[in-house]
>>> print(open('coords_37.cif').read())   # mmCIF, C-alpha atoms
data_input
#
loop_
_atom_site.label_atom_id
_atom_site.label_comp_id
_atom_site.auth_asym_id
_atom_site.auth_seq_id
_atom_site.Cartn_x
_atom_site.Cartn_y
_atom_site.Cartn_z
CA MET A 1 16.16 -35.57 -63.19
CA LYS A 2 18.92 -33.34 -61.87
CA PRO A 3 20.03 -34.33 -58.31
CA ILE A 4 19.73 -31.64 -55.60
CA ARG A 5 23.16 -30.44 -54.61
CA ARG A 6 24.28 -30.55 -50.96
CA THR A 7 24.93 -26.79 -50.84
CA ASN A 8 21.35 -26.15 -51.95
CA ILE A 9 20.01 -28.25 -49.07
CA VAL A 10 22.17 -26.32 -46.59
CA LEU A 11 21.00 -23.05 -48.09
CA ILE A 12 17.32 -24.02 -47.83
CA GLU A 13 17.87 -25.17 -44.25
CA LEU A 14 19.63 -21.92 -43.41
CA ILE A 15 16.70 -19.90 -44.79
CA ILE A 16 14.20 -21.93 -42.76
CA VAL A 17 16.38 -21.58 -39.65
CA ILE A 18 16.66 -17.80 -40.07
CA LEU A 19 12.90 -17.48 -40.57
CA PHE A 20 12.08 -19.62 -37.56
CA PHE A 21 14.73 -17.88 -35.45
CA SER A 22 13.39 -14.42 -36.25
CA LEU A 23 9.86 -15.57 -35.44
CA SER A 24 10.83 -16.98 -32.07
CA SER A 25 13.03 -13.92 -31.37
CA VAL A 26 10.06 -11.63 -31.87
CA ILE A 27 7.95 -13.70 -29.45
CA THR A 28 10.75 -13.85 -26.86
CA LEU A 29 11.43 -10.14 -27.24
CA GLN A 30 7.79 -9.40 -26.44
CA LEU A 31 8.18 -11.53 -23.32
CA PHE A 32 11.23 -9.49 -22.27
CA VAL A 33 9.46 -6.20 -22.97
CA GLU A 34 6.43 -7.24 -20.90
CA ALA A 35 8.70 -8.45 -18.07
CA ASN A 36 10.52 -5.12 -18.13
CA ARG A 37 7.22 -3.17 -18.05
CA GLN A 38 5.92 -5.20 -15.10
CA SER A 39 9.21 -4.82 -13.25
CA LYS A 40 9.16 -1.03 -13.73
CA GLU A 41 5.52 -0.86 -12.66
CA SER A 42 6.15 -2.76 -9.44
CA LYS A 43 9.23 -0.62 -8.69
CA VAL A 44 7.29 2.62 -9.16
CA THR A 45 4.33 1.37 -7.10
CA THR A 46 6.60 0.25 -4.26
CA ASP A 47 8.56 3.53 -4.25
CA LEU A 48 5.39 5.63 -4.30
CA LEU A 49 3.90 3.51 -1.52
CA ILE A 50 7.01 4.04 0.63
CA LYS A 51 6.88 7.81 0.02
CA MET A 52 3.19 7.88 0.98
CA GLU A 53 3.75 5.73 4.07
CA ASN A 54 6.53 8.06 5.19
CA LYS A 55 4.19 11.02 4.85
CA ALA A 56 1.44 9.16 6.73
CA ASN A 57 3.82 8.40 9.59
CA GLU A 58 4.97 12.03 9.72
CA PHE A 59 1.31 13.01 9.86
CA TYR A 60 0.66 10.64 12.79
CA GLU A 61 3.62 12.17 14.61
CA ASP A 62 2.49 15.76 14.23
CA PRO A 63 -0.44 16.71 11.97
CA LEU A 64 0.19 20.41 12.59
CA LYS A 65 3.85 20.40 11.54
CA ILE A 66 3.30 18.51 8.30
CA ARG A 67 2.27 21.62 6.37
CA GLU A 68 5.70 23.17 6.91
CA ASP A 69 7.34 19.88 5.93
CA PHE A 70 5.40 19.80 2.66
CA LEU A 71 6.61 23.25 1.66
CA SER A 72 10.23 22.59 2.61
CA GLU A 73 10.28 19.31 0.67
CA GLY A 74 9.20 20.77 -2.67
CA TRP A 75 5.48 20.09 -2.57
CA ILE A 76 3.35 22.64 -4.43
CA LYS A 77 0.48 24.26 -2.55
CA GLU A 78 -2.81 24.34 -4.48
CA GLU A 79 -5.70 26.71 -3.95
CA THR A 80 -8.67 24.95 -2.31
CA ALA A 81 -11.72 25.57 -0.18
CA ASP A 82 -11.59 26.80 3.41
CA LYS A 83 -10.24 24.43 6.03
CA GLU A 84 -8.64 22.37 3.30
CA HIS A 85 -5.03 22.43 2.17
CA ARG A 86 -3.82 20.60 -0.89
CA PHE A 87 -0.20 19.84 -1.72
CA THR A 88 1.10 18.13 -4.83
CA ILE A 89 4.49 16.72 -5.74
CA TYR A 90 5.56 15.63 -9.24
CA TYR A 91 8.00 12.90 -10.23
CA ASP A 92 9.46 11.73 -13.53
CA LYS A 93 9.66 8.09 -14.69
CA ASN A 94 12.64 7.45 -12.41
CA LEU A 95 10.78 9.09 -9.53
CA GLU A 96 13.10 12.10 -9.48
CA LEU A 97 11.55 15.37 -8.37
CA VAL A 98 10.44 17.46 -11.37
CA ASP A 99 8.17 20.41 -12.14
CA ARG A 100 4.44 20.18 -12.86
CA LYS A 101 4.79 20.02 -16.67
CA SER A 102 7.28 17.17 -16.95
CA GLY A 103 5.86 14.96 -14.22
CA SER A 104 4.85 11.41 -15.11
CA TYR A 105 3.65 10.60 -11.60
CA TYR A 106 2.30 12.80 -8.85
CA ILE A 107 1.08 12.51 -5.27
CA ILE A 108 -1.70 14.69 -3.89
CA ALA A 109 -2.06 15.23 -0.15
CA THR A 110 -5.29 16.91 0.98
CA LEU A 111 -5.35 18.10 4.57
CA LYS A 112 -8.66 18.71 6.31
CA GLU A 113 -9.48 19.88 9.78
CA ASP A 114 -12.72 18.90 11.49
CA SER A 115 -13.13 20.80 14.75
CA GLN A 116 -15.43 19.07 17.19
CA LYS A 117 -16.51 19.91 20.70
CA ALA A 118 -14.17 17.40 22.31
CA GLY A 119 -11.20 17.76 19.98
CA VAL A 120 -9.94 18.12 16.44
CA PHE A 121 -9.99 15.37 13.85
CA TRP A 122 -7.14 15.90 11.40
CA GLU A 123 -7.48 14.15 8.11
CA MET A 124 -5.07 13.69 5.23
CA GLU A 125 -6.03 12.00 1.99
CA LEU A 126 -3.06 10.68 0.09
CA ALA A 127 -3.38 9.65 -3.55
CA ALA A 128 -0.75 8.75 -6.16
CA PHE A 129 -1.54 9.13 -9.86
CA LYS A 130 0.02 8.22 -13.18
CA ARG A 131 -0.26 10.70 -16.02
CA GLU A 132 -1.67 9.20 -19.19
CA GLY A 133 -1.08 12.09 -21.58
CA VAL A 134 -3.22 14.82 -23.06
CA GLY A 135 -6.93 14.05 -23.30
CA LYS A 136 -6.68 10.89 -21.23
CA LYS A 137 -7.74 10.47 -17.63
CA ASP A 138 -4.93 9.97 -15.12
CA ILE A 139 -4.80 6.57 -13.41
CA THR A 140 -5.07 6.36 -9.63
CA LEU A 141 -2.31 4.04 -8.45
CA ILE A 142 -2.68 4.20 -4.67
CA ALA A 143 -5.10 6.08 -2.40
CA PHE A 144 -5.78 5.97 1.31
CA PRO A 145 -6.89 8.33 4.08
CA VAL A 146 -4.96 9.04 7.26
CA GLY A 147 -6.71 10.32 10.35
CA LYS A 148 -5.51 11.63 13.68
CA TYR A 149 -7.74 12.67 16.53
CA ILE A 150 -6.38 15.10 19.10
CA CYS A 151 -8.67 15.77 22.04
CA HIS A 152 -8.86 19.14 23.75
CA VAL A 153 -7.57 19.19 27.30
CA GLN A 154 -10.53 18.63 29.63
CA GLU A 155 -11.84 21.73 31.24
CA VAL A 156 -11.15 22.01 34.97
CA GLY A 157 -14.20 21.49 37.11
CA LEU A 158 -16.01 19.18 34.75
CA MET B 1 50.57 -20.80 -54.61
CA LYS B 2 47.93 -19.96 -52.09
CA GLN B 3 45.54 -22.69 -51.06
CA ARG B 4 41.87 -21.73 -50.74
CA THR B 5 40.34 -22.85 -47.47
CA SER B 6 36.60 -23.27 -47.09
CA ILE B 7 34.44 -24.13 -44.10
CA HIS B 8 32.07 -26.94 -44.76
CA MET B 9 28.87 -26.88 -42.74
CA GLY B 10 27.07 -30.16 -42.56
CA VAL B 11 23.32 -30.52 -43.02
CA GLY B 12 21.53 -29.95 -39.70
CA THR B 13 24.27 -27.95 -37.94
CA SER B 14 22.40 -24.65 -38.27
CA SER B 15 19.17 -26.35 -37.10
CA MET B 16 20.88 -27.68 -34.00
CA MET B 17 22.39 -24.27 -33.25
CA MET B 18 19.05 -22.58 -33.73
CA ILE B 19 17.28 -25.05 -31.44
CA PHE B 20 19.91 -24.41 -28.75
CA VAL B 21 19.74 -20.61 -29.03
CA VAL B 22 15.93 -20.53 -29.16
CA LEU B 23 15.73 -22.81 -26.12
CA CYS B 24 18.13 -20.52 -24.21
CA LEU B 25 16.20 -17.40 -25.23
CA THR B 26 12.82 -18.91 -24.36
CA THR B 27 14.06 -20.15 -20.97
CA LEU B 28 15.52 -16.75 -20.08
CA GLY B 29 12.44 -14.92 -21.35
CA ILE B 30 10.04 -17.12 -19.37
CA LEU B 31 12.19 -16.87 -16.24
CA SER B 32 12.35 -13.07 -16.36
CA PHE B 33 8.62 -12.84 -17.13
CA VAL B 34 7.67 -15.16 -14.23
CA SER B 35 9.98 -13.23 -11.88
CA ALA B 36 8.54 -9.85 -12.93
CA LYS B 37 4.99 -11.19 -12.65
CA ALA B 38 5.67 -12.50 -9.13
CA ASP B 39 7.16 -9.12 -8.15
CA LEU B 40 4.12 -7.29 -9.47
CA THR B 41 1.72 -9.64 -7.66
CA LEU B 42 3.64 -9.15 -4.42
CA THR B 43 3.60 -5.37 -4.89
CA GLU B 44 -0.17 -5.43 -5.48
CA LYS B 45 -0.65 -7.48 -2.29
CA VAL B 46 1.54 -5.09 -0.28
CA LYS B 47 -0.40 -2.15 -1.72
CA GLU B 48 -3.72 -3.74 -0.79
CA SER B 49 -2.68 -4.59 2.76
CA THR B 50 -1.13 -1.14 3.35
CA THR B 51 -4.21 0.61 1.99
CA SER B 52 -6.59 -1.48 4.11
CA TYR B 53 -4.38 -0.94 7.18
CA TYR B 54 -4.50 2.86 6.81
CA ASN B 55 -8.25 2.70 6.11
CA GLY B 56 -8.63 0.69 9.33
CA GLU B 57 -6.50 3.13 11.34
CA TYR B 58 -8.59 5.97 9.96
CA LYS B 59 -11.75 4.24 11.25
CA VAL B 60 -10.05 3.69 14.63
CA GLU B 61 -9.35 7.42 14.98
CA LYS B 62 -12.92 8.23 13.91
CA THR B 63 -14.29 5.85 16.56
CA LEU B 64 -12.01 7.35 19.21
CA SER B 65 -13.28 10.83 18.36
CA LYS B 66 -16.86 9.54 18.68
CA ILE B 67 -16.14 7.99 22.10
CA ASP B 68 -14.45 11.20 23.25
CA GLU B 69 -17.47 13.26 22.18
CA ILE B 70 -19.70 10.96 24.29
CA LEU B 71 -17.37 11.27 27.27
CA LEU B 72 -17.33 15.06 27.00
CA TYR B 73 -21.11 15.13 26.88
CA ALA B 74 -21.30 12.79 29.90
CA SER B 75 -18.83 14.91 31.89
CA ARG B 76 -20.81 18.08 31.17
CA GLU B 77 -24.12 16.47 32.08
CA SER B 78 -22.85 14.90 35.31
CA ASN B 79 -21.66 18.18 36.91
CA GLY B 80 -18.55 16.61 38.38
CA ASN B 81 -20.27 13.57 39.89
CA GLN B 82 -18.21 10.47 39.08
CA GLN B 83 -21.09 8.02 39.49
CA VAL B 84 -23.46 10.01 37.25
CA TYR B 85 -20.64 10.48 34.73
CA GLU B 86 -20.04 6.74 34.57
CA GLU B 87 -23.74 5.98 34.21
CA ILE B 88 -24.29 8.45 31.38
CA ALA B 89 -21.11 7.36 29.59
CA ARG B 90 -22.05 3.69 29.98
CA GLU B 91 -25.55 4.25 28.64
CA LEU B 92 -24.42 6.27 25.65
CA LEU B 93 -21.51 3.99 24.76
CA SER B 94 -23.66 0.86 24.96
CA ASP B 95 -25.93 2.40 22.32
CA GLU B 96 -23.01 2.45 19.90
CA GLU B 97 -22.53 -0.60 17.73
CA ASP B 98 -19.26 -2.54 17.99
CA ILE B 99 -18.13 -0.71 21.13
CA PHE B 100 -17.88 -2.89 24.22
CA LEU B 101 -17.56 -1.73 27.81
CA GLU B 102 -15.98 -3.58 30.70
CA GLY B 103 -15.52 -1.54 33.87
CA SER B 104 -13.59 1.54 32.85
CA LEU B 105 -12.28 -0.14 29.71
CA VAL B 106 -13.69 0.49 26.24
CA PHE B 107 -12.97 -2.07 23.55
CA PHE B 108 -13.64 -2.08 19.81
CA LYS B 109 -12.26 -3.79 16.75
CA ILE B 110 -11.98 -2.76 13.12
CA PRO B 111 -11.66 -5.55 10.54
CA ILE B 112 -9.16 -4.76 7.79
CA SER B 113 -9.21 -8.04 5.90
CA SER B 114 -10.67 -11.52 6.19
CA THR B 115 -7.79 -12.53 8.47
CA MET B 116 -6.69 -9.33 10.19
CA GLU B 117 -8.30 -6.77 12.47
CA ILE B 118 -7.21 -3.83 14.57
CA GLN B 119 -8.14 -4.21 18.23
CA VAL B 120 -8.28 -1.09 20.35
CA GLU B 121 -8.62 -0.80 24.09
CA ALA B 122 -8.93 2.49 25.95
CA ARG B 123 -9.21 3.30 29.63
CA ILE B 124 -11.77 5.94 30.58
CA SER B 125 -10.29 8.41 33.05
CA ASN B 126 -12.01 9.59 36.19
CA ILE B 127 -13.94 12.80 35.90
CA ASN B 128 -11.40 14.76 37.96
CA GLU B 129 -8.47 13.76 35.75
CA ILE B 130 -8.07 16.90 33.74
CA ASN B 131 -5.44 15.80 31.23
CA GLU B 132 -7.49 13.44 29.09
CA ARG B 133 -10.86 11.78 29.15
CA MET B 134 -9.48 8.46 27.96
CA LYS B 135 -6.15 6.83 27.29
CA VAL B 136 -5.57 4.31 24.53
CA ILE B 137 -3.78 1.38 26.15
CA ARG B 138 -3.80 -1.01 23.19
CA ASN B 139 -3.90 -0.49 19.44
CA GLN B 140 -2.93 -3.81 17.95
CA LEU B 141 -3.04 -5.51 14.59
CA VAL B 142 -4.26 -9.05 15.29
CA ASN B 143 -4.40 -12.13 13.10
CA ILE B 144 -7.88 -13.61 13.54
CA ARG B 145 -7.43 -16.66 11.36
CA GLU B 146 -8.18 -19.82 13.30
CA TRP B 147 -5.13 -21.94 14.00
CA ASP B 148 -5.43 -25.18 12.10
CA THR B 149 -3.35 -27.71 14.01
CA ASP B 150 -1.71 -30.46 12.03
CA ASN B 151 -2.16 -33.71 14.01
CA SER B 152 -1.18 -36.04 11.21
CA LEU B 153 2.29 -36.75 12.63
CA GLU B 154 2.63 -39.00 15.65
CA LEU B 155 4.95 -37.14 17.99
CA TRP B 156 6.70 -38.52 21.05
CA ASP B 157 4.85 -37.26 24.10
CA GLY B 158 7.80 -37.77 26.42
CA ASN B 159 6.43 -40.88 28.14
CA GLY B 160 7.81 -44.32 27.44
CA GLU B 161 8.22 -45.55 23.91
#
>>> encode(input="coords_37.cif", output="structure tokens")
Amino acid sequence: MKPIRRTNIVLIELIIVILFFSLSSVITLQLFVEANRQSKESKVTTDLLIKMENKANEFYEDPLKIREDFLSEGWIKEETADKEHRFTIYYDKNLELVDRKSGSYYIIATLKEDSQKAGVFWEMELAAFKREGVGKKDITLIAFPVGKYICHVQEVGL
Amino acid sequence: MKQRTSIHMGVGTSSMMMIFVVLCLTTLGILSFVSAKADLTLTEKVKESTTSYYNGEYKVEKTLSKIDEILLYASRESNGNQQVYEEIARELLSDEEDIFLEGSLVFFKIPISSTMEIQVEARISNINEINERMKVIRNQLVNIREWDTDNSLELWDGNGE
């Protein structure tokens, strides 16, 4: 029987090592990719949440002025029913302001006015969405309502 | 004459190197994955608490509008009489669930999670105060979780040994 040469053993070992290394690299790479995806997702969610909170605080300050602010900040006004105003803003993957077509994320703000006898209840529904592509339904990331009640000044003599 | 040099790699060297590199890669991969996962979990928690806070504040404003409607009705029905105004307002407000009255103070709370609630206190103005029917004097986010005191450690009470 011919003895196995030392170089052959090294060669076989090297092949096994390369195979095992590529297998573990693929698994580790998937781990990195998933970590990167989760990191991006949490960054986008946090940034969108901050933007929405800022808008909510502006609304609490002055629900009447917010419409002007929307228009001056690049929000797009949508056509809606009476006593309802809808504004939308679009962002790309890095949350930079973009136009409607190239937006990956968008925030919708719907303003409603409910006039009562004693005052006016201003309402703003804020919702952030992620676009999922053609034919797929967009995913709602964050949604919450904001309300502000402003009472009418009491009539004299009552 | 040139001498040919060759590098001799012993059996097992490549295996050892591979084990080291794979261990490094796996450690880094797991660390970054755990860190990203923790970040995402934290973000989800922040999102949940922010959303429930704004939902709670929305309910607070709705309740305030309801109370104000009652006060307006009471002021119109009482024809400027403070005593009648108070009586009507008291009767109507006591019909409402989760609204408590104490003198001229109205109190209500909106739960936003199992451990937090928004407590609101408003003072009802007199009927001749024309500026506003009520004034919110407290709108506070309160932790309602019961304090669980840890008495396991024997602490020095300041007396003797």
>>> atom_distance(input="coords_37.cif", atom1="CA of Met134 in chain B", atom2="CA of Leu64 in chain A")
21.7 Å
>>> resolve_selection(input="coords_37.cif", expression="the PyMOL selection byres ((chain A) within 9 of (chain B))", output="PyMOL selection string")
chain A and resi 6-7+9-10+13-14+16-18+20-21+24-25+27-43+45-46+49+53+56+116-121+123+142-158
>>> closest_residue(input="coords_37.cif", among="B:Val106, B:Val84, B:Leu101, B:Ile112", to="Lys135 in chain B", atoms="only C-alpha atoms")
B:Val106
>>> atom_distance(input="coords_37.cif", atom1="CA of Phe59 in chain A", atom2="CA of Asp92 in chain A")
24.8 Å
>>> atom_distance(input="coords_37.cif", atom1="CA of Phe87 in chain A", atom2="CA of Ile107 in chain A")
8.2 Å
>>> resolve_selection(input="coords_37.cif", expression="the PyMOL selection byres ((chain A and resi 128) around 7)", output="list in words")
Tyr106, Ile107, Ile108, Leu126, Ala127, Phe129, Thr140, Leu141, Ile142 and Ala143 of chain A
>>> residues_around(input="coords_37.cif", residues="Lys93 in chain A", least_positions_apart="6", cutoff="10 Å", atoms="all atoms listed in the file", output="PyMOL selection string")
chain A and resi 40+44+102-105+130
>>> closest_residue(input="coords_37.cif", among="B:Phe108, B:Phe20, B:Phe100, B:Trp156", to="Gln140 in chain B", atoms="only C-alpha atoms")
B:Phe108
>>> residues_around(input="coords_37.cif", residues="Arg67 in chain A", least_positions_apart="2", cutoff="12 Å", atoms="all atoms listed in the file", output="list of chain:residue names")
A:Lys55, A:Glu58, A:Phe59, A:Asp62, A:Pro63, A:Leu64, A:Lys65, A:Asp69, A:Phe70, A:Leu71, A:Ser72, A:Glu73, A:Gly74, A:Trp75, A:Ile76, A:Lys77, A:Glu84, A:His85, A:Arg86, A:Phe87, A:Thr88, A:Ala109, A:Thr110, A:Leu111, A:Lys112, A:Met124
>>> resolve_selection(input="coords_37.cif", expression="the PyMOL selection byres ((chain B and resi 139) around 6)", output="ChimeraX atom specification")
/B:119-120,138,140
